[in-house]
Amino acid sequence: MLLTDAAIGAAHVLLSGARAAVEIRCPGPGVLRVRHAPSSAVTSFTHPDLPPKRSFAVVADGALPLSARREGDTLHVCAEGASLEVSLASGTWTFGDGEGRALARSEGVSGEVRPAFPVDEHRSRLSLAAPPGEAYLGFGEKVGPLDKRGLRFTFWNTDAFPPHVESDPLYASIPFFLALRGGAAWGLFLDETWRSEVDIALRRPDRIEWESWGPELDVYLLAGPRPADVLRRYAALTGLPAMPPLWSLGAHQSRWGYENEDDVRGVVRGYRSRGLPLDVVHLDIDYMDAYRVWTWDRSRFPDPARLARDLAAEGVRLVTIVDPGIKADEGYAVYDEARARDFLVRLSRGDTLVGEVWPDPAVFPDLTREEVQRWWGELQKAFVDAGIAGIWNDMNEPACFSVRPDRGLPAPNGGRTSGLGTIEGSTLPYDARHGARRHLEVHNVYGLGMSRAAHEGLARHAPERRPFVLTRAAFAGIQRYAAVWTGDFASNFTHLEASIPMLLGLGLSGVPFVGADIPGFVGRANGELLVRWMQAGLFYPLMRNHAARGRPAQEPWRFGEPYLGLARAVLEQRYRLLPTLYTLMREAAETGLPVMRPLSFQAPEDPEALHAYDQFLFGDDLLVAPVVRPGQSKRLSYLPPGAWMDFANLERAGKVEEGGRHVIADAPLGVVPVWLRAGGAVALTAPRMHTTSARWEEITWHVHAAERVSGRLYEDEGDGHGASRTTRLSGGFDGAAFTLERCVEGELPAPAAREVETIRIYGAPPPRAVAGARSHRALDGGVELEVAADWQRIELRAS
């Protein structure tokens with residue numbers, strides 16, 4: 001890619017040659033945007049100027065100053081926290097941080113256009129150096145271990161049913177990765193919605209090769225030096241995650257097969273009669289009238305508002321599935337309005353595209369267009385008025401089982417095109433029309449548009465509440481609107497194990513609110529799998545039991561004892577954990593950092609941490625190693641450097657282990673191995689049958705004493721946009737004393753019912769004197785203090 005001219009402005013650089021153009025901007029500290037147009041002279045009417053481009057993912061619209069100087073055939077660009085050195089002779093570049101340390105290097109950029117009818121075919125390629133030992137994490141919803149080096153992926157949202165542990169592509173496409181080498185991190189986001197493929201040092205062990213089927217390669221380069229720095233910058237670029245309502249972090253129950261109101265009431269009775277916590281029931285497609293979206297089958301659900309009220313009295317919310325396919329049925333108001341307002345996807349020849357999903361025939365709203373998104377969001381009003389608490393978007397890749405035949409278009413050679421054109425997977429043809437765009441370009445953002453419509457519609461119709469949206473299909477930026485689950489996993493231990501690196505990859509791609517169906521959607525789970533998957537799901541931000549029609553029901557009591565009792569214990573642990581989970585979701589909403597984190601997040605220089613793919617950090621302080629193989633009562637776990645206290649089931653204070661090595665954890669069926677980091681402090685509460693408020697009436701702090709200790713607790717009403725409070729703990733050992741101090745920010749008062757708090761401090765020697773506590777007693781390995789709810793400082797003296 002030869003570049004000969006350089007136009008340097010205060011906030012951008014435009015490089016161009018006879019065929020190609022490259023634009024460089026700095027949208028934020030430590031981030032450079034390098035927009036490559038290798039075939040600009042062919043694809044653009046304004047070459048060498050690049051036309052304006054709408055991004056579906058990027059929300060950062062600023063442009064920081066940058067400086068550039070040309071030295072022969074090399075251009076040096078400097079901006080806040082980042083640098084770029086460009087070879088004009090080849091169009092390749094080296095990306096560095098603010099101190100000039102090289103982080104990434106491109107080895108080639110190329111592109112081609114092949115004239116075709118009815119749509120020209122584009123290929124744009126970027127080759128990056130893949131130095132030995134560099135690891136590549138993220139890439140959204142992808143199979144395989146944490147480090148994706150040596151794999152190849154396609155970004156094309158696909159209704160994979162049932163998926164396998166080697167299936168690619170899957171339902172979500174997020175073309176972002178985080179690279180780690182020598183403890184230093186950097187990131188790359190390819191802001192292209194077109195179908196694309198990436199080869200991660202598979203074909204050539206020293207190269208990453210990315211190919212987009214569009215005319216450009218719009219690349220954002222993000223400096224570290226730590227993984228958290230990269231993710232904060234990615235969140236600033238693509239948007240911070242939405243803060244969910246507290247109830248959405250409770251237990252969810254779903255099944256494709258709750259056919260009527262009595263089934264739904266029976267599920268809630270089943271939970272409550274057995275003392276099982278529950279906050280949400282999901283209604284699958286059975287509630288609709290002949291699969292007409294935004295309708296109710298009144299013979300099976302005669303009064304949805306009454307049902308929602310009755311369940312709310314039990315502390316349970318209703319969430320309804322919504323599919324994008326609209327039944328093509330004259331007289332059906334949604335269809336009639338969509339057709340009259342030209343809101344539907346069209347065939348290449350201009351006729352409305354007619355396909356088949358659950359409704360047959362079905363048409364598809366063009367949810368890539370903002371005016372259609374707003375209309376779709378308005379259709380939710382009747383559901384909100386009836387008491388529906390959230391929206392579950394499914395089949396929104398979009399899935400389409402078949403498309404009605406078309407004879408094709410008369411071609412310039414006198415023949416005809418091949419009817420519908422290429423269809424990849426169960427979806428719409430490449431050449432289908434979305435307004436001025438083709439499906440090949442916007443397929444990957446269809447689910448993003450649908451989730452935006454749902455989120456913004458809920459916010460309009462219930463402004464006093466936080467929207468809850470769950471989606472299967474996604475693209476970069478989905479964190480602004482929805483939680484993401486991993487689709488139709490199978491009921492087996494292989495998929496349980498695979499869920500962990502997949503959820504970690506989504507978290508490392510900016511999506512913190514994630515989960516997988518428990519204990520798998522398709523197949524036949526046994527009681528052991530139920531319990532083990534629930535133990536892993538205890539730490540999923542989204543904890544949902546789900547099952548498919550035609551398979552055995554999977555509510556916890558279906559498996560009998562001892563599994564029911566073990567499932568109850570896990571659910572109670574989940575509700576005890578909610579103060580910490582809610583605080584981590586708040587941290588995600590403020591910073592973009594995930595809740596579930598790979599061990600390399602804290603120890604990026606540790607190769608053993610990088611390869612511990614079946615365990616994870618829950619925030620900074622808890623390390624979780626679920627059992628993911630059948631028949632195991634022990635498991636090998638890796639502890640990163642530092643001291644870690646056995647804290648199995650969030651309740652058993654056990655042995656302290658020095659990290660930087662593997663340990664064998666005891667894990668009989670009722671135990672999930674957990675460790676508490678030295679210096680960590682986590683807040684737990686008492687279990688409840690359902691959530692109420694995030695102003696916790698009971699708080700117990702669990703503190704692993706160390707030289708430095710820190711902890712955080714976020715509280716508010718659990719929904720809405722009112723006042724909040726954040727409690728921060730700090731302290732540590734100081735000679736013969738251990739101190740803890742409490743600082744509170746925010747205007748929300750503590751609940752009146754919380755007159756005292758409990759603090760359990762592990763790893764401190766038996767105190768001879770305690771100051772600042774109402775009472776204390778010795779624990780095995782520590783001390784328990786009772787303090788006033790407004791305590792300020794405590795001190796434990798050993799002498």
# chains A, B, ... in the order shown; residues from 1 in each chain; ligands from 1
call {"tool": "residues_around", "arguments": {"residues": "Pro277 in chain A", "least_positions_apart": "5", "cutoff": "12 Å", "atoms": "only C-alpha atoms", "output": "PyMOL selection string"}}
result
chain A and resi 247+249-253+268-272+314-316+543+556+567-576+687-691
call {"tool": "select_by_dssp", "arguments": {"residues": "range 667-768 of chain A", "states": "strand (DSSP E)", "output": "NGL selection string"}}
result
:A and (674-677 or 680-684 or 700-704 or 709-715 or 725-734 or 737-745 or 756-762)
call {"tool": "write_last_selection", "arguments": {"atoms": "C-alpha atoms", "output": "mmCIF file, in the first residue's frame"}}
result
data_model
loop_
_atom_site.group_PDB
_atom_site.id
_atom_site.type_symbol
_atom_site.label_atom_id
_atom_site.label_comp_id
_atom_site.auth_asym_id
_atom_site.auth_seq_id
_atom_site.Cartn_x
_atom_site.Cartn_y
_atom_site.Cartn_z
ATOM 1 C CA VAL A 674 -12.882 -20.483 46.498
ATOM 2 C CA TRP A 675 -9.926 -18.524 47.890
ATOM 3 C CA LEU A 676 -9.773 -15.045 49.425
ATOM 4 C CA ARG A 677 -6.743 -12.952 48.520
ATOM 5 C CA GLY A 680 -8.992 -8.617 50.228
ATOM 6 C CA ALA A 681 -12.251 -7.680 51.912
ATOM 7 C CA VAL A 682 -15.618 -8.865 50.612
ATOM 8 C CA ALA A 683 -19.102 -8.103 51.899
ATOM 9 C CA LEU A 684 -21.754 -10.805 52.192
ATOM 10 C CA THR A 700 -20.696 -9.310 57.180
ATOM 11 C CA TRP A 701 -17.231 -8.296 56.020
ATOM 12 C CA HIS A 702 -14.727 -11.087 55.439
ATOM 13 C CA VAL A 703 -11.202 -9.697 55.584
ATOM 14 C CA HIS A 704 -7.966 -11.553 54.882
ATOM 15 C CA VAL A 709 -6.218 -4.235 53.025
ATOM 16 C CA SER A 710 -8.902 -2.699 50.820
ATOM 17 C CA GLY A 711 -12.571 -3.343 50.196
ATOM 18 C CA ARG A 712 -15.604 -1.683 48.662
ATOM 19 C CA LEU A 713 -19.383 -1.895 48.996
ATOM 20 C CA TYR A 714 -21.840 -0.073 46.733
ATOM 21 C CA GLU A 715 -25.438 0.427 47.877
ATOM 22 C CA ARG A 725 -23.448 5.278 48.917
ATOM 23 C CA THR A 726 -20.059 3.659 48.560
ATOM 24 C CA THR A 727 -18.244 2.294 51.597
ATOM 25 C CA ARG A 728 -14.497 1.836 51.338
ATOM 26 C CA LEU A 729 -12.352 -0.130 53.751
ATOM 27 C CA SER A 730 -8.633 0.432 54.067
ATOM 28 C CA GLY A 731 -5.967 -0.496 56.548
ATOM 29 C CA GLY A 732 -3.554 -3.302 57.351
ATOM 30 C CA PHE A 733 -0.796 -4.301 59.709
ATOM 31 C CA ASP A 734 1.197 -1.563 61.374
ATOM 32 C CA ALA A 737 -1.496 -3.594 65.437
ATOM 33 C CA PHE A 738 -3.998 -4.310 62.685
ATOM 34 C CA THR A 739 -6.313 -1.444 61.785
ATOM 35 C CA LEU A 740 -9.307 -0.981 59.536
ATOM 36 C CA GLU A 741 -10.843 2.346 58.613
ATOM 37 C CA ARG A 742 -14.160 2.989 56.949
ATOM 38 C CA CYS A 743 -14.931 5.868 54.577
ATOM 39 C CA VAL A 744 -18.408 6.488 53.145
ATOM 40 C CA GLU A 745 -19.222 8.529 50.035
ATOM 41 C CA VAL A 756 -24.601 -3.343 63.477
ATOM 42 C CA GLU A 757 -22.166 -4.948 61.078
ATOM 43 C CA THR A 758 -20.017 -8.015 61.521
ATOM 44 C CA ILE A 759 -16.359 -8.092 60.572
ATOM 45 C CA ARG A 760 -14.494 -11.358 60.388
ATOM 46 C CA ILE A 761 -10.743 -10.875 60.177
ATOM 47 C CA TYR A 762 -8.696 -13.914 59.198
#
call {"tool": "closest_residue", "arguments": {"among": "A:His282, A:Arg438, A:Lys142, A:Arg433", "to": "Ala172 in chain A", "atoms": "only C-alpha atoms"}}
result
A:Lys142
call {"tool": "closest_atom_pairs", "arguments": {"of": "range 273-392 of chain A", "to": "range 480-484 of chain A", "cutoff": "12 Å", "atoms": "only C-alpha atoms", "output": "CSV"}}
result
residue,atom,partner,partner_atom,distance
A:Gly390,CA,A:Ala482,CA,10.4
A:Ile391,CA,A:Ala482,CA,9.5
A:Trp392,CA,A:Ala482,CA,9.2
call {"tool": "select_by_dssp", "arguments": {"residues": "range 454-603 of chain A", "states": "alpha helix (DSSP H)", "output": "ChimeraX atom specification"}}
result
/A:454-461,493-507,527-537,563-591
call {"tool": "closest_residue", "arguments": {"among": "A:Ala179, A:Ala525, A:Val663, A:Arg793", "to": "Arg149 in chain A", "atoms": "only C-alpha atoms"}}
result
A:Ala179
call {"tool": "residues_around", "arguments": {"residues": "Pro501 in chain A", "least_positions_apart": "2", "cutoff": "7 Å", "atoms": "only C-alpha atoms", "output": "PDB file with all heavy atoms, in the first residue's frame"}}
result
ATOM      1  N   PRO A 145      -9.288 -22.172  24.427  1.00  0.00           N
ATOM      2  CA  PRO A 145      -8.716 -21.692  25.677  1.00  0.00           C
ATOM      3  C   PRO A 145      -8.690 -20.172  25.721  1.00  0.00           C
ATOM      4  O   PRO A 145      -9.093 -19.491  24.763  1.00  0.00           O
ATOM      5  CB  PRO A 145      -7.292 -22.278  25.656  1.00  0.00           C
ATOM      6  CG  PRO A 145      -6.989 -22.434  24.202  1.00  0.00           C
ATOM      7  CD  PRO A 145      -8.281 -22.793  23.547  1.00  0.00           C
ATOM      8  N   LEU A 146      -8.190 -19.632  26.816  1.00  0.00           N
ATOM      9  CA  LEU A 146      -8.127 -18.175  26.945  1.00  0.00           C
ATOM     10  C   LEU A 146      -7.246 -17.565  25.865  1.00  0.00           C
ATOM     11  O   LEU A 146      -7.595 -16.566  25.242  1.00  0.00           O
ATOM     12  CB  LEU A 146      -7.598 -17.799  28.330  1.00  0.00           C
ATOM     13  CG  LEU A 146      -8.586 -17.933  29.484  1.00  0.00           C
ATOM     14  CD1 LEU A 146      -7.868 -17.776  30.807  1.00  0.00           C
ATOM     15  CD2 LEU A 146      -9.689 -16.890  29.349  1.00  0.00           C
ATOM     16  N   ALA A 498     -16.386 -25.475  28.949  1.00  0.00           N
ATOM     17  CA  ALA A 498     -16.189 -24.490  27.881  1.00  0.00           C
ATOM     18  C   ALA A 498     -16.796 -23.136  28.222  1.00  0.00           C
ATOM     19  O   ALA A 498     -16.372 -22.109  27.681  1.00  0.00           O
ATOM     20  CB  ALA A 498     -16.795 -25.013  26.576  1.00  0.00           C
ATOM     21  N   SER A 499     -17.790 -23.124  29.105  1.00  0.00           N
ATOM     22  CA  SER A 499     -18.448 -21.847  29.414  1.00  0.00           C
ATOM     23  C   SER A 499     -17.498 -20.864  30.087  1.00  0.00           C
ATOM     24  O   SER A 499     -17.643 -19.649  29.922  1.00  0.00           O
ATOM     25  CB  SER A 499     -19.667 -22.081  30.315  1.00  0.00           C
ATOM     26  OG  SER A 499     -19.293 -22.375  31.665  1.00  0.00           O
ATOM     27  N   LEU A 503     -16.999 -17.093  28.735  1.00  0.00           N
ATOM     28  CA  LEU A 503     -17.482 -15.940  29.495  1.00  0.00           C
ATOM     29  C   LEU A 503     -16.336 -14.989  29.832  1.00  0.00           C
ATOM     30  O   LEU A 503     -16.509 -13.767  29.823  1.00  0.00           O
ATOM     31  CB  LEU A 503     -18.183 -16.411  30.766  1.00  0.00           C
ATOM     32  CG  LEU A 503     -19.460 -17.230  30.554  1.00  0.00           C
ATOM     33  CD1 LEU A 503     -20.040 -17.659  31.895  1.00  0.00           C
ATOM     34  CD2 LEU A 503     -20.497 -16.457  29.753  1.00  0.00           C
ATOM     35  N   LEU A 504     -15.157 -15.540  30.108  1.00  0.00           N
ATOM     36  CA  LEU A 504     -13.999 -14.675  30.351  1.00  0.00           C
ATOM     37  C   LEU A 504     -13.642 -13.901  29.087  1.00  0.00           C
ATOM     38  O   LEU A 504     -13.290 -12.716  29.153  1.00  0.00           O
ATOM     39  CB  LEU A 504     -12.809 -15.515  30.814  1.00  0.00           C
ATOM     40  CG  LEU A 504     -12.941 -16.175  32.193  1.00  0.00           C
ATOM     41  CD1 LEU A 504     -11.754 -17.093  32.454  1.00  0.00           C
ATOM     42  CD2 LEU A 504     -13.050 -15.130  33.296  1.00  0.00           C
ATOM     43  N   GLY A 505     -13.735 -14.540  27.935  1.00  0.00           N
ATOM     44  CA  GLY A 505     -13.462 -13.839  26.680  1.00  0.00           C
ATOM     45  C   GLY A 505     -14.444 -12.725  26.413  1.00  0.00           C
ATOM     46  O   GLY A 505     -14.068 -11.656  25.918  1.00  0.00           O
ATOM     47  N   TYR A 613      -7.397 -21.830  32.367  1.00  0.00           N
ATOM     48  CA  TYR A 613      -8.598 -21.416  31.646  1.00  0.00           C
ATOM     49  C   TYR A 613      -9.893 -21.825  32.332  1.00  0.00           C
ATOM     50  O   TYR A 613     -10.965 -21.307  31.999  1.00  0.00           O
ATOM     51  CB  TYR A 613      -8.584 -21.997  30.225  1.00  0.00           C
ATOM     52  CG  TYR A 613      -8.735 -23.498  30.187  1.00  0.00           C
ATOM     53  CD1 TYR A 613      -9.990 -24.079  30.090  1.00  0.00           C
ATOM     54  CD2 TYR A 613      -7.630 -24.335  30.273  1.00  0.00           C
ATOM     55  CE1 TYR A 613     -10.147 -25.447  30.075  1.00  0.00           C
ATOM     56  CE2 TYR A 613      -7.773 -25.705  30.260  1.00  0.00           C
ATOM     57  CZ  TYR A 613      -9.024 -26.258  30.162  1.00  0.00           C
ATOM     58  OH  TYR A 613      -9.174 -27.622  30.161  1.00  0.00           O
ATOM     59  N   ASP A 614      -9.834 -22.794  33.274  1.00  0.00           N
ATOM     60  CA  ASP A 614     -11.069 -23.297  33.888  1.00  0.00           C
ATOM     61  C   ASP A 614     -11.249 -22.767  35.307  1.00  0.00           C
ATOM     62  O   ASP A 614     -11.953 -23.379  36.116  1.00  0.00           O
ATOM     63  CB  ASP A 614     -11.089 -24.822  33.872  1.00  0.00           C
ATOM     64  CG  ASP A 614      -9.954 -25.440  34.662  1.00  0.00           C
ATOM     65  OD1 ASP A 614      -9.031 -24.700  35.055  1.00  0.00           O
ATOM     66  OD2 ASP A 614      -9.971 -26.669  34.885  1.00  0.00           O
TER      67      ASP A 614
END
